[in-house]
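Q: Following this message is one structure expressed as C-alpha cells.
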Amino acid sequence: MTDTAEAAKSSTATAVEEEPKAKAAEAPSTEDKKDTGAEDKKKKEEAEEGGGKKEEESAKEEMRAVVLHGFGGLKSVKIVKRPQPALADGEVLIRVQLCGVNFQDLMVRQGVTEAPPKTPFVLGFECAGVVEAIADDVEDFKVGSRVVAIADHRAWAELVPVPSKFVYAVPDNMPLQEAAAITLSYAVAYILVHELAAIAPGQTILLHSAGGAVGQAVCALCRHAGNVTVIGVASKCKHDDIRSSVTHLIERGQDVPSEVRKLCPEGVDVVLDCQGGEECNRGYSILKPFGRYVLFGSSNIVTGETKSFFSVAKSWWQVDKVSPLRLHDDNKSIMGFNFRRFLHHQGGEEHVKRVLESVYELWKEGVAKPNIDSTFALEDVTEAMAKMHERRNVGKLLLDLSMEAKPKPTTPAKTKKEDKKETKEEAKDEKKENEKKDNDKKENEKKENEKKEEAAKEDTKEAKAAEEK
C-alpha cells in the first residue's frame, strides 16, 4: 500500500515536471518572436509598397480633363480625372501644355452648335504640346516633336489623341505659347482676308469684334496688305487697347450703318461679320457695288449664360432672305465661312495646312504676331469662359496646364431657411422664364408668318419684274 502511494506520487511529480516542459516547448523563444515580428513587418511593408505602386500606376493612368456634363451654364463644366485615351490608327497622342479658348466653346457649352457630341464629353478645339506617342501608320511626326492641333472637340485635357491630318508641326524658333496663340486665329483671318474677301490696297472694310483674337489678326493682315481702311466695331472698354490697330472705331451697340455712312458716305467694300442676326441686313445695306459680305460666326446667339431659344429664333428671323435676283441687280456678294465645318467635315485639311505654312512664314517676317490677353490654369477654365462671354478680352485667351489654380474663396454654409427661400425663388424665376418663353415663341411665330407673307409678296414682285424685263 505504501509502495503504491509512493509510485503514484512519483508519477504525479513526473507529470507536473513534464507539463511545464511541454508548455515551454510550445511557447516560441525570444529569438523566434523576433524572427516572426521581422517577417510580419517585412510583409506589411511589401504590401504597403505594392499598394503604393498600384496607386501610383493608377494615378499615372489617369489625366485631368475639362468635361461638359450637360448643356447649359458654367456649372456644367467640371475638371475631372479620366482614364488616359487609347491611340487609334492614324492618330498622334499629344501631351498638352496649352489650350486655346474660342467663342465657339461657349456655343458648344450651351448646345447651340450643329450636332455636338453627347454629354459628358471633353470640351475644346485647339491645343499645343509635345508628341507622346504615334500610331504605326503615322509618318509625319515623331515622339518629342512640338505640335499644335485643331481637334473636333476633346482638346482640353492632359493627353489628347488627334488624327495626324489635323496636327501641325511648330517651327523650330517659335515659342509654343505663340504657336498656341496664332495658329487658329491667323488661319481664320488669312482665309477671310486673302481668299474670301480678297481685300486689296485702297479698299475699306467693316470688321465686327475687332478686339478679339481673329479680329486683331485681320487687322495685322490688312496692315500688311497696305493702304486698307479698317473700321472696327468693339465694346467701349476695348477702344484704348485696339485704337492703334484700326483706322476708325465704332462702339458695339451703336447704329453701325449710320456711323459708317458718316465716315464713308459711299459705303464699304467688305463686311466681315461674326455676329449674325440683324447685323447681316445692316452689313449688306452699306456695301458698295461689287461689295462682299462674309459671315464667319453667329455670336449674337449667345446672350445669357445658358441657351436662349428666343435668341436663337431672333437671330434667324431677323435675317432677310436675299434672292439671287437681288444680288444680281445690286452687284453684291454674300458668303459664309464656318472654319470648323470646312476643316473637319468638308475635306479642308490640306487647304488649312497650306494656309498655316503661309501664316508661319508671316510669323517669321514679324507680320503674324501673337496677341495674348491672359492665361488661366486648367482648373480656372470657367473664369476664362466668363471673361470671353462678357467680351472683356483683347486678343487670345489661353489655358496653361502647368499653372496652379487660383485659391477659391470660402463661402459660409447656408441655413435650412436660406436654402428653402432660395429654392422658392428659383421655382418662381423658372415659372416666369417659362411664361416668357411661351410668349416669345408665340410672338416669333406671328412675326415669322408675317415675314413669310412679305417674302412671298417680294418673290412675286421680283418674278413679275423679271418677266417685264
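Ligands are numbered from 1 in the order shown, residues from 1 within each chain, and chains are lettered A, B, ... in the order they appear in the C-alpha cells.
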Contacts between segment 64-68 of chain A and segment 367-405 of chain A, please, where a residue of segment 367-405 of chain A counts if it comes within 9 Å (with only C-alpha atoms); show its shortest atom pair and distance in Å to one decimal, rows by chain and ascending number, as a tab-separated table.
A:
residue	atom	partner	partner_atom	distance
A:Leu378	CA	A:Val66	CA	7.6
A:Glu379	CA	A:Val66	CA	8.2
A:Val381	CA	A:Val66	CA	8.0
Q: Enumerate, in order of chain and increasing residue number, the residues of segment 350-412 of chain A with an atom no farther than 7 Å from segment 203-223 of chain A, each with its shortest atom pair and distance in Å to one decimal, counting only C-alpha atoms, as a Markdown table.
A:
| residue | atom | partner | partner_atom | distance |
| --- | --- | --- | --- | --- |
| A:Val367 | CA | A:Ala220 | CA | 6.7 |
| A:Ala368 | CA | A:Ala220 | CA | 6.9 |
| A:Asn371 | CA | A:Ala213 | CA | 6.9 |
| A:Asn393 | CA | A:Gly212 | CA | 6.8 |
| A:Val394 | CA | A:Gly211 | CA | 5.0 |
| A:Gly395 | CA | A:Ala213 | CA | 4.0 |
| A:Lys396 | CA | A:Ala213 | CA | 4.9 |
Q: Provide the atom CA of Ala377 of chain A to atom CA of Gly72 of chain A distance in Å, to one decimal place.
A: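 Distance reported for this atom pair: 21.9 Å.
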Q: Quick one: everything within 8 Å of segment 138-141 of chain A, counting only C-alpha atoms, minus sequence neighbours fewer than 4 positions away in the same chain. Send it as a PyMOL selection string.
A: chain A and resi 89-92+131+134+145+164+169
Q: Check the DSSP output for the backbone and give back, as JSON, numbers by chain, the residues of segment 177-381 of chain A in strand (DSSP E).
A: {"A": [204, 205, 206, 207, 208, 229, 230, 231, 232, 233, 234, 248, 249, 250, 251, 268, 269, 270, 271, 272, 273, 287, 288, 289, 290, 291, 292, 293, 294, 295, 333, 334, 335, 336, 372, 373, 374, 375, 376, 377]}
Q: Dump C-alpha atoms for the selected residues as a JSON list (two decimals), in the first residue's frame?
A:
[["chain", "number", "residue", "atom", "x", "y", "z"],
["A", 204, "THR", "CA", -12.40, 99.84, -96.92],
["A", 205, "ILE", "CA", -13.63, 97.08, -94.61],
["A", 206, "LEU", "CA", -16.06, 96.97, -91.70],
["A", 207, "LEU", "CA", -14.83, 94.50, -89.07],
["A", 208, "HIS", "CA", -17.03, 93.26, -86.22],
["A", 229, "THR", "CA", -9.06, 101.34, -94.21],
["A", 230, "VAL", "CA", -10.35, 99.29, -91.28],
["A", 231, "ILE", "CA", -13.49, 100.40, -89.45],
["A", 232, "GLY", "CA", -13.58, 98.30, -86.29],
["A", 233, "VAL", "CA", -16.62, 97.59, -84.12],
["A", 234, "ALA", "CA", -15.82, 96.73, -80.48],
["A", 248, "HIS", "CA", -11.75, 104.14, -87.16],
["A", 249, "LEU", "CA", -13.67, 102.75, -84.17],
["A", 250, "ILE", "CA", -17.40, 102.30, -83.61],
["A", 251, "GLU", "CA", -18.82, 101.31, -80.24],
["A", 268, "VAL", "CA", -17.57, 99.87, -97.77],
["A", 269, "ASP", "CA", -16.02, 97.19, -99.97],
["A", 270, "VAL", "CA", -16.09, 94.37, -97.40],
["A", 271, "VAL", "CA", -18.04, 93.49, -94.25],
["A", 272, "LEU", "CA", -16.56, 90.78, -92.01],
["A", 273, "ASP", "CA", -19.31, 89.79, -89.57],
["A", 287, "LEU", "CA", -21.87, 97.54, -99.28],
["A", 288, "LYS", "CA", -20.67, 99.32, -102.40],
["A", 289, "PRO", "CA", -21.27, 97.71, -105.81],
["A", 290, "PHE", "CA", -19.01, 94.62, -106.03],
["A", 291, "GLY", "CA", -19.00, 94.61, -102.24],
["A", 292, "ARG", "CA", -18.56, 91.34, -100.31],
["A", 293, "TYR", "CA", -20.35, 90.45, -97.11],
["A", 294, "VAL", "CA", -18.78, 87.49, -95.24],
["A", 295, "LEU", "CA", -20.50, 85.88, -92.23],
["A", 333, "SER", "CA", -21.96, 89.10, -102.89],
["A", 334, "ILE", "CA", -22.86, 87.22, -99.71],
["A", 335, "MET", "CA", -20.57, 84.47, -98.38],
["A", 336, "GLY", "CA", -20.46, 82.21, -95.35],
["A", 372, "ILE", "CA", -2.42, 87.17, -75.78],
["A", 373, "ASP", "CA", -4.92, 88.77, -73.44],
["A", 374, "SER", "CA", -4.44, 86.42, -70.46],
["A", 375, "THR", "CA", -3.58, 82.86, -69.44],
["A", 376, "PHE", "CA", -5.51, 80.69, -66.97],
["A", 377, "ALA", "CA", -4.89, 77.41, -65.15]]
Q: In segment 70-203 of chain A, what's alpha helix (DSSP H) per DSSP? Answer as a PyMOL selection string?
A: chain A and resi 103-110+176-190
Q: Export N, CA, C and O atoms of the chosen residues as an mmCIF file, in the first residue's frame?
A:
data_model
loop_
_atom_site.group_PDB
_atom_site.id
_atom_site.type_symbol
_atom_site.label_atom_id
_atom_site.label_comp_id
_atom_site.auth_asym_id
_atom_site.auth_seq_id
_atom_site.Cartn_x
_atom_site.Cartn_y
_atom_site.Cartn_z
ATOM 1 N N PHE A 103 -14.768 81.494 -78.904
ATOM 2 C CA PHE A 103 -16.173 81.785 -78.652
ATOM 3 C C PHE A 103 -17.044 80.568 -78.963
ATOM 4 O O PHE A 103 -18.090 80.362 -78.341
ATOM 5 N N GLN A 104 -16.584 79.731 -79.892
ATOM 6 C CA GLN A 104 -17.382 78.555 -80.230
ATOM 7 C C GLN A 104 -17.447 77.571 -79.066
ATOM 8 O O GLN A 104 -18.397 76.793 -78.961
ATOM 9 N N ASP A 105 -16.458 77.614 -78.165
ATOM 10 C CA ASP A 105 -16.517 76.768 -76.971
ATOM 11 C C ASP A 105 -17.724 77.129 -76.106
ATOM 12 O O ASP A 105 -18.347 76.263 -75.491
ATOM 13 N N LEU A 106 -18.037 78.426 -76.049
ATOM 14 C CA LEU A 106 -19.215 78.874 -75.293
ATOM 15 C C LEU A 106 -20.492 78.373 -75.949
ATOM 16 O O LEU A 106 -21.439 77.957 -75.272
ATOM 17 N N MET A 107 -20.500 78.404 -77.283
ATOM 18 C CA MET A 107 -21.686 77.957 -78.014
ATOM 19 C C MET A 107 -21.899 76.451 -77.852
ATOM 20 O O MET A 107 -23.037 75.990 -77.716
ATOM 21 N N VAL A 108 -20.791 75.700 -77.845
ATOM 22 C CA VAL A 108 -20.886 74.253 -77.622
ATOM 23 C C VAL A 108 -21.438 73.979 -76.231
ATOM 24 O O VAL A 108 -22.302 73.117 -76.038
ATOM 25 N N ARG A 109 -20.932 74.707 -75.244
ATOM 26 C CA ARG A 109 -21.388 74.512 -73.861
ATOM 27 C C ARG A 109 -22.897 74.732 -73.738
ATOM 28 O O ARG A 109 -23.590 74.019 -73.017
ATOM 29 N N GLN A 110 -23.415 75.703 -74.448
ATOM 30 C CA GLN A 110 -24.845 75.990 -74.386
ATOM 31 C C GLN A 110 -25.670 75.058 -75.261
ATOM 32 O O GLN A 110 -26.896 74.992 -75.143
ATOM 33 N N LEU A 176 6.177 77.805 -77.962
ATOM 34 C CA LEU A 176 4.919 77.052 -78.016
ATOM 35 C C LEU A 176 3.722 77.930 -77.669
ATOM 36 O O LEU A 176 2.636 77.765 -78.232
ATOM 37 N N GLN A 177 3.916 78.872 -76.742
ATOM 38 C CA GLN A 177 2.815 79.767 -76.360
ATOM 39 C C GLN A 177 2.370 80.615 -77.547
ATOM 40 O O GLN A 177 1.183 80.841 -77.761
ATOM 41 N N GLU A 178 3.329 81.077 -78.360
ATOM 42 C CA GLU A 178 2.985 81.873 -79.541
ATOM 43 C C GLU A 178 2.280 81.017 -80.589
ATOM 44 O O GLU A 178 1.354 81.470 -81.266
ATOM 45 N N ALA A 179 2.724 79.765 -80.718
ATOM 46 C CA ALA A 179 2.071 78.847 -81.662
ATOM 47 C C ALA A 179 0.619 78.626 -81.263
ATOM 48 O O ALA A 179 -0.287 78.606 -82.110
ATOM 49 N N ALA A 180 0.382 78.465 -79.955
ATOM 50 C CA ALA A 180 -0.986 78.274 -79.462
ATOM 51 C C ALA A 180 -1.842 79.513 -79.703
ATOM 52 O O ALA A 180 -3.054 79.414 -79.906
ATOM 53 N N ALA A 181 -1.215 80.685 -79.687
ATOM 54 C CA ALA A 181 -1.967 81.942 -79.811
ATOM 55 C C ALA A 181 -2.291 82.313 -81.249
ATOM 56 O O ALA A 181 -3.336 82.920 -81.520
ATOM 57 N N ILE A 182 -1.419 81.942 -82.201
ATOM 58 C CA ILE A 182 -1.634 82.430 -83.574
ATOM 59 C C ILE A 182 -2.251 81.409 -84.524
ATOM 60 O O ILE A 182 -2.885 81.791 -85.504
ATOM 61 N N THR A 183 -2.080 80.111 -84.263
ATOM 62 C CA THR A 183 -2.435 79.104 -85.271
ATOM 63 C C THR A 183 -3.878 79.214 -85.753
ATOM 64 O O THR A 183 -4.139 79.449 -86.939
ATOM 65 N N LEU A 184 -4.844 79.038 -84.882
ATOM 66 C CA LEU A 184 -6.245 79.061 -85.301
ATOM 67 C C LEU A 184 -6.693 80.466 -85.690
ATOM 68 O O LEU A 184 -7.351 80.658 -86.721
ATOM 69 N N SER A 185 -6.330 81.466 -84.896
ATOM 70 C CA SER A 185 -6.780 82.847 -85.159
ATOM 71 C C SER A 185 -6.312 83.344 -86.519
ATOM 72 O O SER A 185 -7.096 83.915 -87.299
ATOM 73 N N TYR A 186 -5.039 83.118 -86.822
ATOM 74 C CA TYR A 186 -4.497 83.609 -88.094
ATOM 75 C C TYR A 186 -4.919 82.742 -89.277
ATOM 76 O O TYR A 186 -4.999 83.236 -90.406
ATOM 77 N N ALA A 187 -5.194 81.451 -89.039
ATOM 78 C CA ALA A 187 -5.701 80.611 -90.132
ATOM 79 C C ALA A 187 -7.051 81.145 -90.604
ATOM 80 O O ALA A 187 -7.300 81.287 -91.810
ATOM 81 N N VAL A 188 -7.938 81.447 -89.647
ATOM 82 C CA VAL A 188 -9.252 82.008 -89.984
ATOM 83 C C VAL A 188 -9.092 83.375 -90.652
ATOM 84 O O VAL A 188 -9.697 83.656 -91.699
ATOM 85 N N ALA A 189 -8.253 84.239 -90.065
ATOM 86 C CA ALA A 189 -8.058 85.593 -90.595
ATOM 87 C C ALA A 189 -7.468 85.562 -92.004
ATOM 88 O O ALA A 189 -7.872 86.339 -92.885
ATOM 89 N N TYR A 190 -6.531 84.659 -92.240
ATOM 90 C CA TYR A 190 -5.872 84.574 -93.556
ATOM 91 C C TYR A 190 -6.886 84.207 -94.639
ATOM 92 O O TYR A 190 -6.906 84.804 -95.721
#
Q: What gap, in Å, lies between atom CA of Val122 of chain A and atom CA of Glu158 of chain A?
A: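 For atom CA of Val122 of chain A relative to atom CA of Glu158 of chain A, the distance reads 11.0 Å.
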Q: So the first atom is atom CA of Glu361 of chain A and the second is atom CA of Ala198 of chain A; what is the distance between them in Å, to one decimal place?
A: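 Atom CA of Glu361 of chain A sits 19.3 Å away from atom CA of Ala198 of chain A.
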